[in-house]
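A.B. asks: Contents of work_13.cif (mmCIF, C-alpha atoms) are given next:
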data_input
loop_
_atom_site.group_PDB
_atom_site.id
_atom_site.type_symbol
_atom_site.label_atom_id
_atom_site.label_comp_id
_atom_site.auth_asym_id
_atom_site.auth_seq_id
_atom_site.Cartn_x
_atom_site.Cartn_y
_atom_site.Cartn_z
ATOM 1 C CA MET I 1 40.971 -49.329 33.690
ATOM 2 C CA GLU I 2 44.579 -50.396 33.544
ATOM 3 C CA ASN I 3 45.575 -53.499 31.643
ATOM 4 C CA THR I 4 48.463 -55.794 30.871
ATOM 5 C CA LEU I 5 47.390 -56.388 27.299
ATOM 6 C CA PRO I 6 50.557 -55.036 25.616
ATOM 7 C CA GLU I 7 52.766 -57.283 27.756
ATOM 8 C CA LEU I 8 50.543 -60.343 27.202
ATOM 9 C CA ARG I 9 50.426 -59.734 23.463
ATOM 10 C CA ARG I 10 54.191 -59.402 23.213
ATOM 11 C CA GLU I 11 54.700 -62.529 25.318
ATOM 12 C CA HIS I 12 52.633 -64.438 22.780
ATOM 13 C CA GLY I 13 54.436 -62.766 19.876
ATOM 14 C CA TRP I 14 51.235 -61.389 18.400
ATOM 15 C CA SER I 15 50.895 -58.207 16.397
ATOM 16 C CA GLN I 16 48.038 -55.817 17.092
ATOM 17 C CA GLN I 17 46.480 -56.789 13.765
ATOM 18 C CA LYS I 18 46.681 -60.508 14.544
ATOM 19 C CA LEU I 19 45.044 -59.951 17.920
ATOM 20 C CA ALA I 20 42.359 -57.758 16.321
ATOM 21 C CA ASP I 21 41.625 -60.461 13.723
ATOM 22 C CA ALA I 22 41.362 -63.109 16.434
ATOM 23 C CA LEU I 23 38.990 -60.899 18.412
ATOM 24 C CA ARG I 24 37.094 -59.900 15.243
ATOM 25 C CA VAL I 25 37.454 -56.204 16.006
ATOM 26 C CA SER I 26 39.417 -53.407 14.354
ATOM 27 C CA ARG I 27 43.125 -52.894 15.015
ATOM 28 C CA GLN I 28 42.274 -49.440 16.348
ATOM 29 C CA THR I 29 40.194 -51.144 19.042
ATOM 30 C CA VAL I 30 43.235 -53.091 20.241
ATOM 31 C CA ILE I 31 45.319 -49.903 20.188
ATOM 32 C CA SER I 32 42.707 -48.009 22.221
ATOM 33 C CA ILE I 33 42.364 -50.830 24.778
ATOM 34 C CA GLU I 34 46.130 -51.049 25.205
ATOM 35 C CA LYS I 35 46.323 -47.300 25.784
ATOM 36 C CA GLY I 36 43.542 -47.541 28.365
ATOM 37 C CA ARG I 37 41.291 -45.225 26.366
ATOM 38 C CA PHE I 38 38.623 -47.808 25.608
ATOM 39 C CA ASP I 39 37.080 -50.229 28.071
ATOM 40 C CA PRO I 40 36.019 -53.367 26.182
ATOM 41 C CA SER I 41 32.566 -54.885 26.528
ATOM 42 C CA LEU I 42 32.244 -57.888 28.832
ATOM 43 C CA PRO I 43 32.012 -60.389 25.919
ATOM 44 C CA LEU I 44 35.147 -58.880 24.367
ATOM 45 C CA ALA I 45 36.977 -59.026 27.709
ATOM 46 C CA PHE I 46 36.009 -62.690 28.054
ATOM 47 C CA ARG I 47 37.295 -63.417 24.531
ATOM 48 C CA LEU I 48 40.566 -61.684 25.394
ATOM 49 C CA ALA I 49 40.953 -63.739 28.553
ATOM 50 C CA SER I 50 40.114 -66.931 26.673
ATOM 51 C CA LEU I 51 42.672 -66.159 23.974
ATOM 52 C CA PHE I 52 45.454 -65.670 26.507
ATOM 53 C CA GLY I 53 44.304 -68.496 28.763
ATOM 54 C CA CYS I 54 43.845 -66.351 31.835
ATOM 55 C CA THR I 55 41.089 -64.554 33.721
ATOM 56 C CA ILE I 56 39.728 -61.088 33.050
ATOM 57 C CA GLU I 57 41.230 -59.944 36.357
ATOM 58 C CA ASP I 58 44.657 -61.021 35.099
ATOM 59 C CA ILE I 59 44.341 -58.564 32.234
ATOM 60 C CA PHE I 60 42.287 -55.699 33.632
ATOM 61 C CA THR I 61 42.576 -53.949 36.969
ATOM 62 C CA PRO I 62 40.593 -50.939 38.215
ATOM 63 C CA GLY I 63 42.425 -47.681 37.588
ATOM 64 C CA SER I 64 43.579 -45.450 40.409
ATOM 65 C CA MET E 1 42.035 -53.651 -5.889
ATOM 66 C CA THR E 2 44.159 -54.815 -2.989
ATOM 67 C CA GLU E 3 43.634 -58.298 -1.693
ATOM 68 C CA ASN E 4 44.560 -59.997 1.527
ATOM 69 C CA LYS E 5 43.536 -62.940 3.606
ATOM 70 C CA ASN E 6 41.808 -62.806 6.940
ATOM 71 C CA SER E 7 42.038 -65.724 9.304
ATOM 72 C CA ALA E 8 38.977 -64.661 11.309
ATOM 73 C CA ALA E 9 36.736 -65.189 8.296
ATOM 74 C CA GLY E 10 38.402 -68.346 7.149
ATOM 75 C CA ASN E 11 40.654 -68.165 4.130
ATOM 76 C CA ARG E 12 38.196 -66.239 1.989
ATOM 77 C CA VAL E 13 39.795 -63.576 -0.171
ATOM 78 C CA ARG E 14 38.954 -60.055 0.952
ATOM 79 C CA THR E 15 39.123 -57.101 -1.403
ATOM 80 C CA ALA E 16 38.991 -53.343 -0.990
ATOM 81 C CA TRP E 17 35.544 -53.090 -2.607
ATOM 82 C CA GLY E 18 34.236 -56.458 -1.484
ATOM 83 C CA GLN E 19 32.016 -58.959 -3.181
ATOM 84 C CA ALA E 20 28.281 -59.412 -3.580
ATOM 85 C CA ARG E 21 26.769 -62.802 -2.892
ATOM 86 C CA PHE E 22 23.986 -64.223 -5.042
ATOM 87 C CA GLY E 23 23.214 -67.635 -3.601
ATOM 88 C CA THR E 24 26.488 -69.516 -3.777
ATOM 89 C CA ARG E 25 27.879 -67.278 -6.506
ATOM 90 C CA ARG E 26 30.169 -64.342 -5.672
ATOM 91 C CA VAL E 27 30.925 -61.387 -7.918
ATOM 92 C CA PRO E 28 32.809 -58.107 -7.296
ATOM 93 C CA ALA E 29 30.250 -55.858 -5.576
ATOM 94 C CA MET E 30 30.869 -52.967 -7.934
ATOM 95 C CA ALA E 31 29.821 -55.076 -10.940
ATOM 96 C CA PRO E 32 26.099 -55.058 -10.073
ATOM 97 C CA ALA E 33 26.245 -51.802 -8.037
ATOM 98 C CA ILE E 34 27.249 -49.537 -10.932
ATOM 99 C CA PRO E 35 24.507 -50.572 -13.399
ATOM 100 C CA LEU E 36 21.960 -50.603 -10.574
ATOM 101 C CA GLY E 37 23.022 -47.076 -9.531
ATOM 102 C CA ILE E 38 22.745 -45.885 -13.133
ATOM 103 C CA LEU E 39 19.298 -47.466 -13.451
ATOM 104 C CA LEU E 40 18.113 -45.827 -10.214
ATOM 105 C CA ALA E 41 19.523 -42.454 -11.330
ATOM 106 C CA ALA E 42 17.637 -42.804 -14.624
ATOM 107 C CA LEU E 43 14.447 -43.554 -12.698
ATOM 108 C CA ALA E 44 15.035 -40.538 -10.450
ATOM 109 C CA ALA E 45 15.601 -38.358 -13.525
ATOM 110 C CA ALA E 46 12.400 -39.620 -15.136
ATOM 111 C CA ALA E 47 10.488 -38.979 -11.906
ATOM 112 C CA ALA E 48 11.932 -35.447 -11.710
ATOM 113 C CA ALA E 49 10.954 -34.749 -15.320
ATOM 114 C CA LEU E 50 7.415 -36.058 -14.760
ATOM 115 C CA ALA E 51 7.122 -33.977 -11.577
ATOM 116 C CA GLY E 52 7.980 -30.809 -13.525
ATOM 117 C CA PHE E 53 11.419 -30.237 -11.980
ATOM 118 C CA ALA E 54 12.442 -28.040 -14.940
ATOM 119 C CA PRO E 55 9.249 -27.364 -16.906
ATOM 120 C CA GLN E 56 10.963 -25.157 -19.508
ATOM 121 C CA ARG E 57 13.709 -27.704 -20.311
ATOM 122 C CA PRO E 58 12.657 -31.093 -18.939
ATOM 123 C CA LEU E 59 15.414 -33.033 -20.743
ATOM 124 C CA LEU E 60 18.143 -30.801 -19.312
ATOM 125 C CA GLY E 61 16.534 -31.049 -15.868
ATOM 126 C CA ALA E 62 16.488 -34.849 -16.104
ATOM 127 C CA VAL E 63 20.143 -34.934 -17.165
ATOM 128 C CA VAL E 64 21.134 -32.696 -14.229
ATOM 129 C CA VAL E 65 19.197 -34.852 -11.752
ATOM 130 C CA ALA E 66 20.723 -38.025 -13.187
ATOM 131 C CA ALA E 67 24.240 -36.561 -13.062
ATOM 132 C CA LEU E 68 23.800 -35.485 -9.445
ATOM 133 C CA MET E 69 22.232 -38.729 -8.311
ATOM 134 C CA VAL E 70 24.289 -41.355 -10.131
ATOM 135 C CA LEU E 71 27.293 -41.462 -7.786
ATOM 136 C CA PRO E 72 25.332 -41.445 -4.499
ATOM 137 C CA LEU E 73 22.966 -44.097 -5.877
ATOM 138 C CA CYS E 74 25.876 -46.296 -7.042
ATOM 139 C CA ALA E 75 27.339 -45.958 -3.533
ATOM 140 C CA LEU E 76 23.969 -46.789 -1.986
ATOM 141 C CA ALA E 77 23.574 -49.834 -4.231
ATOM 142 C CA TRP E 78 27.097 -50.970 -3.302
ATOM 143 C CA ALA E 79 26.341 -50.544 0.420
ATOM 144 C CA PHE E 80 23.229 -52.717 0.074
ATOM 145 C CA LEU E 81 24.878 -55.391 -2.066
ATOM 146 C CA VAL E 82 28.326 -55.827 -0.545
ATOM 147 C CA ASP E 83 28.988 -58.720 1.822
ATOM 148 C CA ARG E 84 30.957 -57.030 4.600
ATOM 149 C CA ASP E 85 32.798 -60.276 5.364
ATOM 150 C CA SER E 86 34.455 -59.884 1.957
ATOM 151 C CA LEU E 87 35.769 -56.377 2.693
ATOM 152 C CA ALA E 88 39.461 -56.006 3.517
ATOM 153 C CA GLY E 89 39.926 -54.567 6.999
ATOM 154 C CA ALA E 90 36.255 -54.785 8.014
ATOM 155 C CA ALA E 91 35.807 -56.011 11.580
ATOM 156 C CA SER E 92 33.396 -58.927 11.983
ATOM 157 C CA ARG E 93 32.088 -57.452 15.250
ATOM 158 C CA PRO E 94 31.877 -53.707 14.607
ATOM 159 C CA GLU E 95 29.542 -53.229 17.559
ATOM 160 C CA GLU E 96 32.394 -54.180 19.905
ATOM 161 C CA SER E 97 34.974 -52.006 18.169
ATOM 162 C CA VAL E 98 36.073 -48.606 19.389
ATOM 163 C CA GLU E 99 34.709 -46.999 16.222
ATOM 164 C CA SER E 100 31.212 -47.934 17.382
ATOM 165 C CA ARG E 101 31.853 -46.102 20.664
ATOM 166 C CA TRP E 102 33.082 -43.043 18.759
ATOM 167 C CA TYR E 103 29.933 -43.077 16.639
ATOM 168 C CA ASP E 104 27.645 -43.444 19.667
ATOM 169 C CA ASN E 105 29.393 -40.566 21.429
ATOM 170 C CA ALA E 106 29.224 -38.391 18.304
ATOM 171 C CA ALA E 107 25.537 -39.160 17.747
ATOM 172 C CA ALA E 108 24.657 -38.403 21.382
ATOM 173 C CA GLY E 109 26.601 -35.134 21.288
ATOM 174 C CA ALA E 110 25.038 -34.135 17.973
ATOM 175 C CA PHE E 111 21.577 -34.776 19.406
ATOM 176 C CA HIS E 112 22.267 -32.381 22.280
ATOM 177 C CA ASP E 113 23.715 -29.832 19.852
ATOM 178 C CA LEU E 114 20.518 -30.078 17.803
ATOM 179 C CA LEU E 115 18.371 -29.544 20.886
ATOM 180 C CA ILE E 116 20.341 -26.412 21.763
ATOM 181 C CA PHE E 117 20.415 -25.149 18.160
ATOM 182 C CA SER E 118 16.716 -25.702 17.522
ATOM 183 C CA GLY E 119 15.796 -24.256 20.931
ATOM 184 C CA LEU E 120 17.852 -21.125 20.436
ATOM 185 C CA GLY E 121 16.649 -20.811 16.848
ATOM 186 C CA THR E 122 13.033 -21.068 17.916
ATOM 187 C CA ALA E 123 13.591 -18.421 20.591
ATOM 188 C CA VAL E 124 15.224 -16.070 18.088
ATOM 189 C CA LEU E 125 12.387 -16.536 15.589
ATOM 190 C CA PHE E 126 9.808 -16.034 18.340
ATOM 191 C CA LEU E 127 11.386 -12.899 19.795
ATOM 192 C CA THR E 128 12.437 -11.153 16.588
ATOM 193 C CA PRO E 129 10.564 -10.217 13.412
ATOM 194 C CA LEU E 130 12.890 -12.513 11.469
ATOM 195 C CA GLU E 131 11.044 -15.045 9.314
ATOM 196 C CA ILE E 132 12.550 -17.966 7.443
ATOM 197 C CA ASP E 133 11.081 -20.606 5.201
ATOM 198 C CA GLY E 134 10.361 -24.005 6.762
ATOM 199 C CA SER E 135 12.531 -25.832 4.228
ATOM 200 C CA VAL E 136 15.453 -23.522 5.001
ATOM 201 C CA ALA E 137 15.019 -24.136 8.737
ATOM 202 C CA LEU E 138 14.968 -27.909 8.224
ATOM 203 C CA LEU E 139 18.022 -27.689 5.968
ATOM 204 C CA ALA E 140 19.857 -25.713 8.680
ATOM 205 C CA VAL E 141 18.938 -28.294 11.318
ATOM 206 C CA SER E 142 20.142 -31.113 9.051
ATOM 207 C CA VAL E 143 23.427 -29.363 8.273
ATOM 208 C CA VAL E 144 24.090 -28.574 11.948
ATOM 209 C CA GLY E 145 23.354 -32.182 12.922
ATOM 210 C CA MET E 146 25.647 -33.638 10.261
ATOM 211 C CA LEU E 147 28.438 -31.149 10.959
ATOM 212 C CA SER E 148 28.230 -31.727 14.695
ATOM 213 C CA ALA E 149 28.303 -35.517 14.332
ATOM 214 C CA GLY E 150 31.155 -35.369 11.818
ATOM 215 C CA VAL E 151 33.313 -33.036 13.902
ATOM 216 C CA ARG E 152 32.650 -34.958 17.102
ATOM 217 C CA TYR E 153 33.513 -38.295 15.443
ATOM 218 C CA THR E 154 36.758 -36.836 14.090
ATOM 219 C CA VAL E 155 37.704 -35.454 17.514
ATOM 220 C CA ASN E 156 36.948 -38.824 19.145
ATOM 221 C CA ARG E 157 39.063 -40.628 16.549
ATOM 222 C CA ARG E 158 42.025 -38.294 17.040
ATOM 223 C CA ARG E 159 41.871 -38.817 20.781
ATOM 224 C CA GLY E 160 42.007 -42.568 20.126
#
Rewrite the structure of this file - the entire thing - as structure tokens.
C.D. replies:
Amino acid sequence: MENTLPELRREHGWSQQKLADALRVSRQTVISIEKGRFDPSLPLAFRLASLFGCTIEDIFTPGS
Amino acid sequence: MTENKNSAAGNRVRTAWGQARFGTRRVPAMAPAIPLGILLAALAAAAAALAGFAPQRPLLGAVVVAALMVLPLCALAWAFLVDRDSLAGAASRPEESVESRWYDNAAAGAFHDLLIFSGLGTAVLFLTPLEIDGSVALLAVSVVGMLSAGVRYTVNRRRG
């Protein structure tokens, strides 16, 4: 899956560690999601969307 | 010990070795873990001596067992006692973290490696006159499983 997480995070001025703390996961998890190497669970995707005030589809799109 | 604050768990102080919780009281987790580990090692040494681990020199045997067991048992006691919410850098939802995925992948791969290893080993023992002791065979299976899981986890982590 492709995602706009790095752009969203920078727009909000959050560090990877701050986002990881807010999501209650490790910083490595945020790094892996941003690189597209780890697809988050549905609850985690919902928490991400809730944090940024958007929908899951705004963050994640199916890869080519 | 390094200390930092974590907003996800409130403003509670987190430390590298964490804290143990006894009711409402909190103490550094190593404080009860070390004496408990020593006590368990002493019990293991006494059990080894009573079981005839070193019948010629039971005291020396007990000391060796205690020396070998004290660190792992202190670590085990710490793992049981520590409140993970008091550990610096510990994720509150490890099951949703990428490390959990790495572990699952490593464990699944190690299981398949063990199936192949034990299957091939059984075939070799069946087809050749080679004979090995059961405890040696089980030790080999354990070592292969641990090595496989460890290597696979490391590879997963490096790939990110």
A.B. asks: Report as an MDAnalysis selection string the full result of the PyMOL selection byres ((chain I and resi 26) around 8) when it is applied to this structure.
C.D. replies: (chainID I and resid 17 20:21 24:25 27:30) or (chainID E and resid 89:91 94 97:98)
A.B. asks: Name the residues captured by the PyMOL selection byres ((chain E and resi 82) around 12) when it is applied to the shown file; answer as a compact mmCIF listing (two decimals) with C-alpha atoms, in the frame of the given file.
C.D. replies:
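As written to disk, result_31.txt reads:
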# COMPACT_ATOMS: atom_id res chain seq x y z
CA ARG E 14 38.95 -60.06 0.95
CA THR E 15 39.12 -57.10 -1.40
CA ALA E 16 38.99 -53.34 -0.99
CA TRP E 17 35.54 -53.09 -2.61
CA GLY E 18 34.24 -56.46 -1.48
CA GLN E 19 32.02 -58.96 -3.18
CA ALA E 20 28.28 -59.41 -3.58
CA ARG E 21 26.77 -62.80 -2.89
CA PHE E 22 23.99 -64.22 -5.04
CA ARG E 26 30.17 -64.34 -5.67
CA VAL E 27 30.92 -61.39 -7.92
CA PRO E 28 32.81 -58.11 -7.30
CA ALA E 29 30.25 -55.86 -5.58
CA MET E 30 30.87 -52.97 -7.93
CA ALA E 31 29.82 -55.08 -10.94
CA PRO E 32 26.10 -55.06 -10.07
CA ALA E 33 26.24 -51.80 -8.04
CA CYS E 74 25.88 -46.30 -7.04
CA ALA E 75 27.34 -45.96 -3.53
CA LEU E 76 23.97 -46.79 -1.99
CA ALA E 77 23.57 -49.83 -4.23
CA TRP E 78 27.10 -50.97 -3.30
CA ALA E 79 26.34 -50.54 0.42
CA PHE E 80 23.23 -52.72 0.07
CA LEU E 81 24.88 -55.39 -2.07
CA ASP E 83 28.99 -58.72 1.82
CA ARG E 84 30.96 -57.03 4.60
CA ASP E 85 32.80 -60.28 5.36
CA SER E 86 34.46 -59.88 1.96
CA LEU E 87 35.77 -56.38 2.69
CA ALA E 88 39.46 -56.01 3.52
CA ALA E 90 36.26 -54.78 8.01
A.B. asks: Could you list the residues chosen by the PyMOL selection byres ((chain I and resi 40) around 12) in this structure as a PyMOL selection string?
C.D. replies: (chain I and resi 1-3+5+23+25+29-39+41-49+56+59-60) or (chain E and resi 95-101)
A.B. asks: Box along x, y and z, 5 Å on every side, all listed atoms of range 61-75 of chain E inside: centre and edge lengths in Å to one decimal, as AutoDock Vina command-line options.
C.D. replies:
--center_x 21.9 --center_y -38.7 --center_z -10.3 --size_x 20.9 --size_y 25.2 --size_z 23.6
A.B. asks: So the first atom is CA of Trp102 in chain E and the second is CA of Gly150 in chain E; what is the distance between them in Å, to one decimal place?
C.D. replies: 10.5 Å
A.B. asks: Which distance in Å separates CA of Leu114 in chain E and CA of Gly145 in chain E, to one decimal?
C.D. replies: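 Interatomic distance here is 6.0 Å.
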A.B. asks: Rank E:Val124, E:Val70, E:Val151, E:Val136 by their smallest atom-to-atom distance to Ala110 in chain E, using all atoms listed in the file, and report the top residue only.
C.D. replies: E:Val151
A.B. asks: Near Ala48 in chain E, within 10 Å and counting all atoms listed in the file, which residues show up once chain neighbours fewer than 6 positions away are dropped, as a tab-separated table (two decimals) with C-alpha atoms, in the coordinates of the input?
C.D. replies:
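What landed in selection_16.tsv:
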chain	number	residue	atom	x	y	z
E	42	ALA	CA	17.64	-42.80	-14.62
E	54	ALA	CA	12.44	-28.04	-14.94
E	55	PRO	CA	9.25	-27.36	-16.91
E	58	PRO	CA	12.66	-31.09	-18.94
E	59	LEU	CA	15.41	-33.03	-20.74
E	61	GLY	CA	16.53	-31.05	-15.87
E	62	ALA	CA	16.49	-34.85	-16.10
E	63	VAL	CA	20.14	-34.93	-17.16
E	64	VAL	CA	21.13	-32.70	-14.23
E	65	VAL	CA	19.20	-34.85	-11.75
E	66	ALA	CA	20.72	-38.02	-13.19
A.B. asks: Can you tell me, as an NGL selection string, what residues are no more than 10 Å from range 7-10 of chain I when counting all atoms listed in the file, ignoring any on the same chain fewer than 4 positions away?
C.D. replies: :I and (3 or 14-16 or 18-19 or 34 or 52 or 58-59)
A.B. asks: Write the residues of the preceding selection, restricted to C-alpha atoms, as a CSV table (one decimal), in the coordinates of the input.
C.D. replies:
chain,number,residue,atom,x,y,z
I,3,ASN,CA,45.6,-53.5,31.6
I,14,TRP,CA,51.2,-61.4,18.4
I,15,SER,CA,50.9,-58.2,16.4
I,16,GLN,CA,48.0,-55.8,17.1
I,18,LYS,CA,46.7,-60.5,14.5
I,19,LEU,CA,45.0,-60.0,17.9
I,34,GLU,CA,46.1,-51.0,25.2
I,52,PHE,CA,45.5,-65.7,26.5
I,58,ASP,CA,44.7,-61.0,35.1
I,59,ILE,CA,44.3,-58.6,32.2
A.B. asks: Hey, can you check how far CA of Arg152 in chain E sits from CA of Tyr103 in chain E?
C.D. replies: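 The value is 8.6 Å.
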A.B. asks: In the coordinates of the file, take the point (24.4, -42.6, -9.2) and a cut-off of 7 Å; then, counting only C-alpha atoms, name each qualifying protein, DNA or RNA residue as a list in words.
C.D. replies: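 So the residues meeting the distance criterion are Gly37, Ile38, Ala41, Met69, Val70, Leu71, Pro72, Leu73 and Cys74 of chain E.
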A.B. asks: I'd like to know which of I:Gly63, I:Leu51, I:Gly13, I:Ala22 is closest to chain E, using all atoms listed in the file.
C.D. replies: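 Of the candidates, the smallest distance to chain E is held by I:Ala22.
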A.B. asks: My list of candidates is E:Thr128, E:Ser92, E:Ser135, E:Ser142. Which is closest to chain I when distances are computed with all atoms listed in the file?
C.D. replies: E:Ser92
A.B. asks: If we count only C-alpha atoms and set the cut-off at 12 Å, which residues sit around Met146 in chain E, ignoring sequence neighbours fewer than 6 positions away in its own chain? Please answer as a list in words.
C.D. replies: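 Counting only C-alpha atoms, the residues come to Ala106, Ala107, Gly109, Ala110, Phe111, Asp113, Leu114, Leu139, Ala140, Arg152 and Tyr153 of chain E.
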A.B. asks: Restricting the calculation to only C-alpha atoms: of E:Asn156, E:Gln56, E:Thr24, E:Thr122, which residue gets closest to chain I?
C.D. replies: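 Comparing E:Asn156, E:Gln56, E:Thr24, E:Thr122 against chain I, the winner is E:Asn156.
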A.B. asks: Could you check which of E:Arg93, E:His112, E:Ala44, E:Arg57 is closest to chain I, using all atoms listed in the file?
C.D. replies: E:Arg93
A.B. asks: From the block I gave, I'd like range 38-46 of chain I written with all heavy atoms, as a compact mmCIF listing (two decimals), in the first residue's frame.
C.D. replies:
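Dumped everything to out15.txt:
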# COMPACT_ATOMS: atom_id res chain seq x y z
N PHE I 38 5.25 -1.89 5.89
CA PHE I 38 4.39 -2.50 6.90
C PHE I 38 2.99 -1.93 6.76
O PHE I 38 2.79 -0.71 6.85
CB PHE I 38 4.95 -2.20 8.30
CG PHE I 38 4.09 -2.66 9.44
CD1 PHE I 38 3.74 -3.99 9.58
CD2 PHE I 38 3.63 -1.76 10.39
CE1 PHE I 38 2.96 -4.42 10.64
CE2 PHE I 38 2.85 -2.17 11.44
CZ PHE I 38 2.52 -3.51 11.56
N ASP I 39 2.04 -2.82 6.50
CA ASP I 39 0.64 -2.40 6.43
C ASP I 39 0.05 -2.45 7.83
O ASP I 39 0.02 -3.52 8.46
CB ASP I 39 -0.17 -3.32 5.51
CG ASP I 39 0.29 -3.21 4.07
OD1 ASP I 39 0.86 -2.16 3.72
OD2 ASP I 39 0.10 -4.17 3.30
N PRO I 40 -0.45 -1.32 8.34
CA PRO I 40 -0.97 -1.32 9.72
C PRO I 40 -2.26 -2.12 9.83
O PRO I 40 -2.96 -2.33 8.84
CB PRO I 40 -1.22 0.16 10.00
CG PRO I 40 -1.46 0.75 8.67
CD PRO I 40 -0.60 -0.01 7.71
N SER I 41 -2.56 -2.55 11.05
CA SER I 41 -3.84 -3.22 11.30
C SER I 41 -4.96 -2.19 11.13
O SER I 41 -4.72 -0.97 11.13
CB SER I 41 -3.87 -3.77 12.72
OG SER I 41 -3.85 -2.71 13.65
N LEU I 42 -6.18 -2.69 10.97
CA LEU I 42 -7.32 -1.78 10.78
C LEU I 42 -7.50 -0.83 11.98
O LEU I 42 -7.68 0.38 11.78
CB LEU I 42 -8.59 -2.60 10.53
CG LEU I 42 -9.71 -1.90 9.78
CD1 LEU I 42 -9.23 -1.23 8.52
CD2 LEU I 42 -10.83 -2.88 9.48
N PRO I 43 -7.42 -1.32 13.23
CA PRO I 43 -7.53 -0.38 14.36
C PRO I 43 -6.46 0.70 14.33
O PRO I 43 -6.73 1.87 14.62
CB PRO I 43 -7.38 -1.28 15.59
CG PRO I 43 -7.77 -2.63 15.14
CD PRO I 43 -7.35 -2.71 13.71
N LEU I 44 -5.23 0.31 13.96
CA LEU I 44 -4.14 1.30 13.90
C LEU I 44 -4.40 2.32 12.78
O LEU I 44 -4.16 3.52 12.95
CB LEU I 44 -2.81 0.59 13.70
CG LEU I 44 -1.55 1.45 13.68
CD1 LEU I 44 -1.45 2.35 14.90
CD2 LEU I 44 -0.31 0.57 13.58
N ALA I 45 -4.89 1.84 11.65
CA ALA I 45 -5.22 2.74 10.54
C ALA I 45 -6.31 3.73 10.94
O ALA I 45 -6.25 4.91 10.62
CB ALA I 45 -5.64 1.93 9.31
N PHE I 46 -7.30 3.24 11.68
CA PHE I 46 -8.37 4.12 12.16
C PHE I 46 -7.81 5.17 13.13
O PHE I 46 -8.21 6.34 13.11
CB PHE I 46 -9.49 3.32 12.84
CG PHE I 46 -10.54 2.84 11.89
CD1 PHE I 46 -10.73 1.49 11.64
CD2 PHE I 46 -11.35 3.75 11.22
CE1 PHE I 46 -11.71 1.04 10.75
CE2 PHE I 46 -12.33 3.32 10.33
CZ PHE I 46 -12.51 1.97 10.09
